[in-house]
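In what follows, a structure is listed as structure tokens, so that the remarks can point back to it.
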Amino acid sequence: MINDTGLIHPRWVRITHWVNAVAVITLATSGWRIYDASPFFPFAIPTQFTLGGWLGGAIQWHFAAMWVLAGNGVIYLASNLVSARLKSKFFPWSPRAFLADVLAALKGKLAHADPSHYNMVQRAAYLFVMLDSVLLVLSGLVLWKSVQFPLLRTLLGGYEAARREHFLAMAALVAFVGVHLVMVALVPRTLLAMIRGR
Amino acid sequence: MLKNASRQLIVNGERLLKDALKDMGRHLEQPTRRAFLQRSLSLGGLSLLSGCSIVDESSVEEALMKVSRFNDKAQAWLFDPHRLAPTYPDSMITRPFPFNAYYDEDEIRDVDEEAYRLEVTGLVADKRAWTLAELRAMPQTDQITRHICVEGWSAIGKWGGVPFASFLRRIGADLSAKYVGFKCVDDYYTSIDMPTALHPQTLLTLTYDGQPLPPRYGFPMKLRMPTKLGYKNPKYIQAIFVTNTYPGGYWEDQGYNWFGGS
């Protein structure tokens, strides 16, 4: 639904989107540096892509940006619920329609005539990234304060499991960002909409 | 005699060279650390910022330190003095338990048990120094807990010794003081908050896995806290002091978070 003013994204969506973008870039790049201090996969992240210069610096960035991500995330999710935008934009949800839209997307036939309307693939991607971010925050809490959050620690399978979950959730988020940026490059007016609102 | 003297010189020379190299290493680390902003700002979209120096490097570092102080408070608030860290069965002990310090394993200090005295100073009633035998005569307990390193890795170990709270009470420490500081034989130093010092799992550790604490794990003693990250757990403790003046720490003064809770 495009309203009278032609507004696609209300101001709070645009602000929280860009604040989130900065927080995610800071957290991901500083997080890679922290991972490099003790990698649990047979690879390290090249330091030129990392933030912080050394482990202590990376941790300072990470534990500063976490407040921005968490605070911004709470504002985003609360506004989404209160304004009923979550329901109107991301639901209803149908697996059959999702498959149809995936096929259409693969054939390059997915329509974006109305940028205010999310197709099933977009709905799935955005809902996924919301849940993934929640998992990132929860697994991050277990890493930061594993003794103080015993229930969360147990639910996530313990400290060492939480490390891997945090990393994999990060990888999924980065993959989302990659696809997201490709889509924006293919349909540049979506970038304008996220800046100007229309 | 001359032969002896020259041998002495060679030995001293080697030590001097080693010290100098180590010092150099430390100084070399600084510029890397200082460069973190330039490097960080040349990243992707942020490179736009590095073109014009709109942010002053030291002010960003200062802001990050302020957030770190805020995080100290957040952690003190989150810290539950009665919540216990999980304990594990013997079978889950990590073998061998990793050695970790700010230097390599070949530089481990050997402490002479006979000559050793634990100094106790600051806001305490009884400033008498302690021998190891006296500490071993106090009631002991042990626990198998997870050691979590700031680098991310963790390992499970078994530490035994005197509950630190009973030691602090025994020496008549001012339990309302803010900090307990530690000075170590290997020039390491750190400090902790009083609530953590009094936590039931905080242990003045004298044994590892049922044996006297071996040199690689901090002989004659370390402070073991499963509620704090590894760098907050000092080894080779020489002196303990109770104070209201922030004592900092070896890594903390370089930027690691002071509370370092887990």
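Naming scheme: A, B, ... for chains in displayed order of the structure tokens; residues 1 onward per chain; ligands 1 onward as shown.
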Tell me, which residues of range 82-250 of chain B carry DSSP helix (DSSP H, G or I), written as number ranges by chain?
B: 90-92, 105-107, 132-136, 164-170, 194-197, 215-217, 230-232
With a cut-off of 7 Å and counting only C-alpha atoms, select all residues of chain A in contact with chain B and give the selection as number ranges by chain.
A: 34, 37-38, 49-54, 56-57, 60-61, 64, 144-148
Would you kindly return, as a ChimeraX atom specification, each protein, DNA or RNA residue with an atom no farther than 12 Å from any atom of Trp18 in chain A, considering only C-alpha atoms and excluding same-chain residues fewer than 5 positions away?
/A:11-13,23-25,68-69,72-73,76,191,194-195
Go ahead and compute the interatomic distance for CA of Val74 in chain A and CA of Leu173 in chain A, in Å to one decimal.
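Between these atoms lies a distance of 17.8 Å.
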CA of Gly248 in chain B to CA of Met194 in chain B: how many Å, to one decimal?
14.1 Å
Need the shell around range 122-129 of chain A: protein/DNA/RNA residues with any atom at most 10 Å away, counting only C-alpha atoms. Skip same-chain ones fewer than 6 positions apart. Format as a list in words?
Leu86, Lys89, Phe90, Phe91, Pro92, Trp93, Ser94, Pro95, Phe98, Asp101, Val102, Leu135, Ala169, Ala172, Leu173, Val174, Phe176, Val177, Val179 and His180 of chain A
Identify, with DSSP run on backbone atoms, the residues in range 75-251 of chain B assigned to strand (DSSP E), and express the list as a VMD selection string.
chain B and resid 119 to 122 141 to 148 154 to 163 179 to 184 189 to 193 203 to 208 211 to 212 222 to 224 237 to 243
Go ahead and save the residues from that selection, with C-alpha atoms, as an mmCIF file, in the first residue's frame.
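The resulting file, again_33.cif, is shown below:
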```cif
data_model
loop_
_atom_site.group_PDB
_atom_site.id
_atom_site.type_symbol
_atom_site.label_atom_id
_atom_site.label_comp_id
_atom_site.auth_asym_id
_atom_site.auth_seq_id
_atom_site.Cartn_x
_atom_site.Cartn_y
_atom_site.Cartn_z
ATOM 1 C CA GLU B 119 52.694 -10.065 51.396
ATOM 2 C CA VAL B 120 49.377 -8.620 52.544
ATOM 3 C CA THR B 121 48.932 -4.840 52.594
ATOM 4 C CA GLY B 122 46.395 -2.053 52.341
ATOM 5 C CA THR B 141 38.339 -26.931 48.911
ATOM 6 C CA ASP B 142 38.545 -27.754 45.204
ATOM 7 C CA GLN B 143 36.432 -27.283 42.115
ATOM 8 C CA ILE B 144 36.397 -28.222 38.424
ATOM 9 C CA THR B 145 35.410 -25.213 36.369
ATOM 10 C CA ARG B 146 35.741 -23.738 32.905
ATOM 11 C CA HIS B 147 38.501 -21.217 32.319
ATOM 12 C CA ILE B 148 37.414 -18.804 29.573
ATOM 13 C CA SER B 154 38.091 -22.255 26.977
ATOM 14 C CA ALA B 155 39.463 -25.194 28.959
ATOM 15 C CA ILE B 156 38.285 -27.109 31.995
ATOM 16 C CA GLY B 157 40.615 -27.505 34.965
ATOM 17 C CA LYS B 158 40.632 -28.567 38.591
ATOM 18 C CA TRP B 159 41.881 -26.070 41.133
ATOM 19 C CA GLY B 160 42.098 -26.404 44.892
ATOM 20 C CA GLY B 161 42.946 -24.074 47.752
ATOM 21 C CA VAL B 162 41.579 -21.642 50.283
ATOM 22 C CA PRO B 163 38.265 -19.875 49.587
ATOM 23 C CA TYR B 179 39.250 -3.337 45.090
ATOM 24 C CA VAL B 180 41.610 -6.191 45.781
ATOM 25 C CA GLY B 181 44.877 -5.837 43.893
ATOM 26 C CA PHE B 182 47.552 -8.425 43.064
ATOM 27 C CA LYS B 183 51.261 -8.098 42.323
ATOM 28 C CA CYS B 184 52.954 -11.118 40.833
ATOM 29 C CA TYR B 189 49.467 -7.268 38.075
ATOM 30 C CA THR B 190 45.705 -7.024 38.124
ATOM 31 C CA SER B 191 42.808 -6.123 40.390
ATOM 32 C CA ILE B 192 39.254 -7.221 41.034
ATOM 33 C CA ASP B 193 36.059 -5.917 42.597
ATOM 34 C CA LEU B 203 39.780 -19.565 45.331
ATOM 35 C CA LEU B 204 43.282 -18.726 46.532
ATOM 36 C CA THR B 205 44.592 -21.664 44.535
ATOM 37 C CA LEU B 206 47.438 -23.823 45.841
ATOM 38 C CA THR B 207 46.865 -27.030 43.852
ATOM 39 C CA TYR B 208 46.105 -28.094 40.325
ATOM 40 C CA GLN B 211 49.003 -31.736 43.020
ATOM 41 C CA PRO B 212 50.817 -28.644 44.292
ATOM 42 C CA LYS B 222 47.062 -18.116 41.659
ATOM 43 C CA LEU B 223 43.664 -16.584 42.222
ATOM 44 C CA ARG B 224 41.096 -18.679 40.417
ATOM 45 C CA ILE B 237 51.011 -14.006 43.342
ATOM 46 C CA GLN B 238 53.528 -12.180 45.507
ATOM 47 C CA ALA B 239 51.391 -9.534 47.171
ATOM 48 C CA ILE B 240 47.722 -8.932 47.838
ATOM 49 C CA PHE B 241 46.410 -5.500 48.765
ATOM 50 C CA VAL B 242 42.980 -4.118 49.597
ATOM 51 C CA THR B 243 42.298 -0.577 48.429
#
```
Using only C-alpha atoms, which protein or nucleic acid residues come within 9 Å of Leu156 in chain A? Drop anything in the same chain fewer than 2 positions from it, and give the result as JSON, numbers by chain.
{"A": [138, 139, 142, 151, 152, 153, 154, 158, 159, 161, 162, 165]}
Take the residues from that selection and write them out as a compact mmCIF listing (two decimals), in the first residue's frame, keeping N, CA and C atoms.
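For reference, result-v2.txt as written:
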```txt
# COMPACT_ATOMS: atom_id res chain seq x y z
N LEU A 138 21.53 -13.28 21.47
CA LEU A 138 21.43 -14.26 22.56
C LEU A 138 22.74 -15.06 22.71
N SER A 139 23.31 -15.51 21.58
CA SER A 139 24.57 -16.26 21.67
C SER A 139 25.68 -15.33 22.15
N VAL A 142 25.63 -15.15 25.85
CA VAL A 142 26.23 -16.33 26.48
C VAL A 142 27.76 -16.22 26.45
N LEU A 151 20.34 -20.20 32.06
CA LEU A 151 19.28 -20.81 31.24
C LEU A 151 19.61 -20.67 29.75
N LEU A 152 20.00 -19.48 29.39
CA LEU A 152 20.36 -19.20 28.00
C LEU A 152 21.55 -20.06 27.57
N ARG A 153 22.53 -20.18 28.49
CA ARG A 153 23.72 -20.98 28.20
C ARG A 153 23.32 -22.43 27.94
N THR A 154 22.44 -22.96 28.78
CA THR A 154 22.01 -24.34 28.62
C THR A 154 21.22 -24.53 27.32
N GLY A 158 25.79 -24.60 25.83
CA GLY A 158 27.04 -24.33 26.53
C GLY A 158 27.89 -23.27 25.85
N TYR A 159 28.95 -22.86 26.55
CA TYR A 159 29.81 -21.77 26.07
C TYR A 159 30.42 -22.06 24.70
N ALA A 161 29.57 -24.21 22.37
CA ALA A 161 28.56 -24.28 21.31
C ALA A 161 28.13 -22.88 20.91
N ALA A 162 27.99 -22.00 21.92
CA ALA A 162 27.54 -20.63 21.64
C ALA A 162 28.55 -19.89 20.75
N GLU A 165 27.76 -21.03 17.28
CA GLU A 165 26.46 -20.49 16.86
C GLU A 165 26.59 -19.00 16.54
```
Selected residue of minimal separation from Arg33 in chain A among A:Ile15, A:Met130, A:Met66, A:Ala58, counting only C-alpha atoms:
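Closest to Arg33 in chain A, using only C-alpha atoms: A:Ala58.
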Separation of CA of Glu105 in chain B from CA of Arg216 in chain B in Å
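A separation of 7.3 Å between them.
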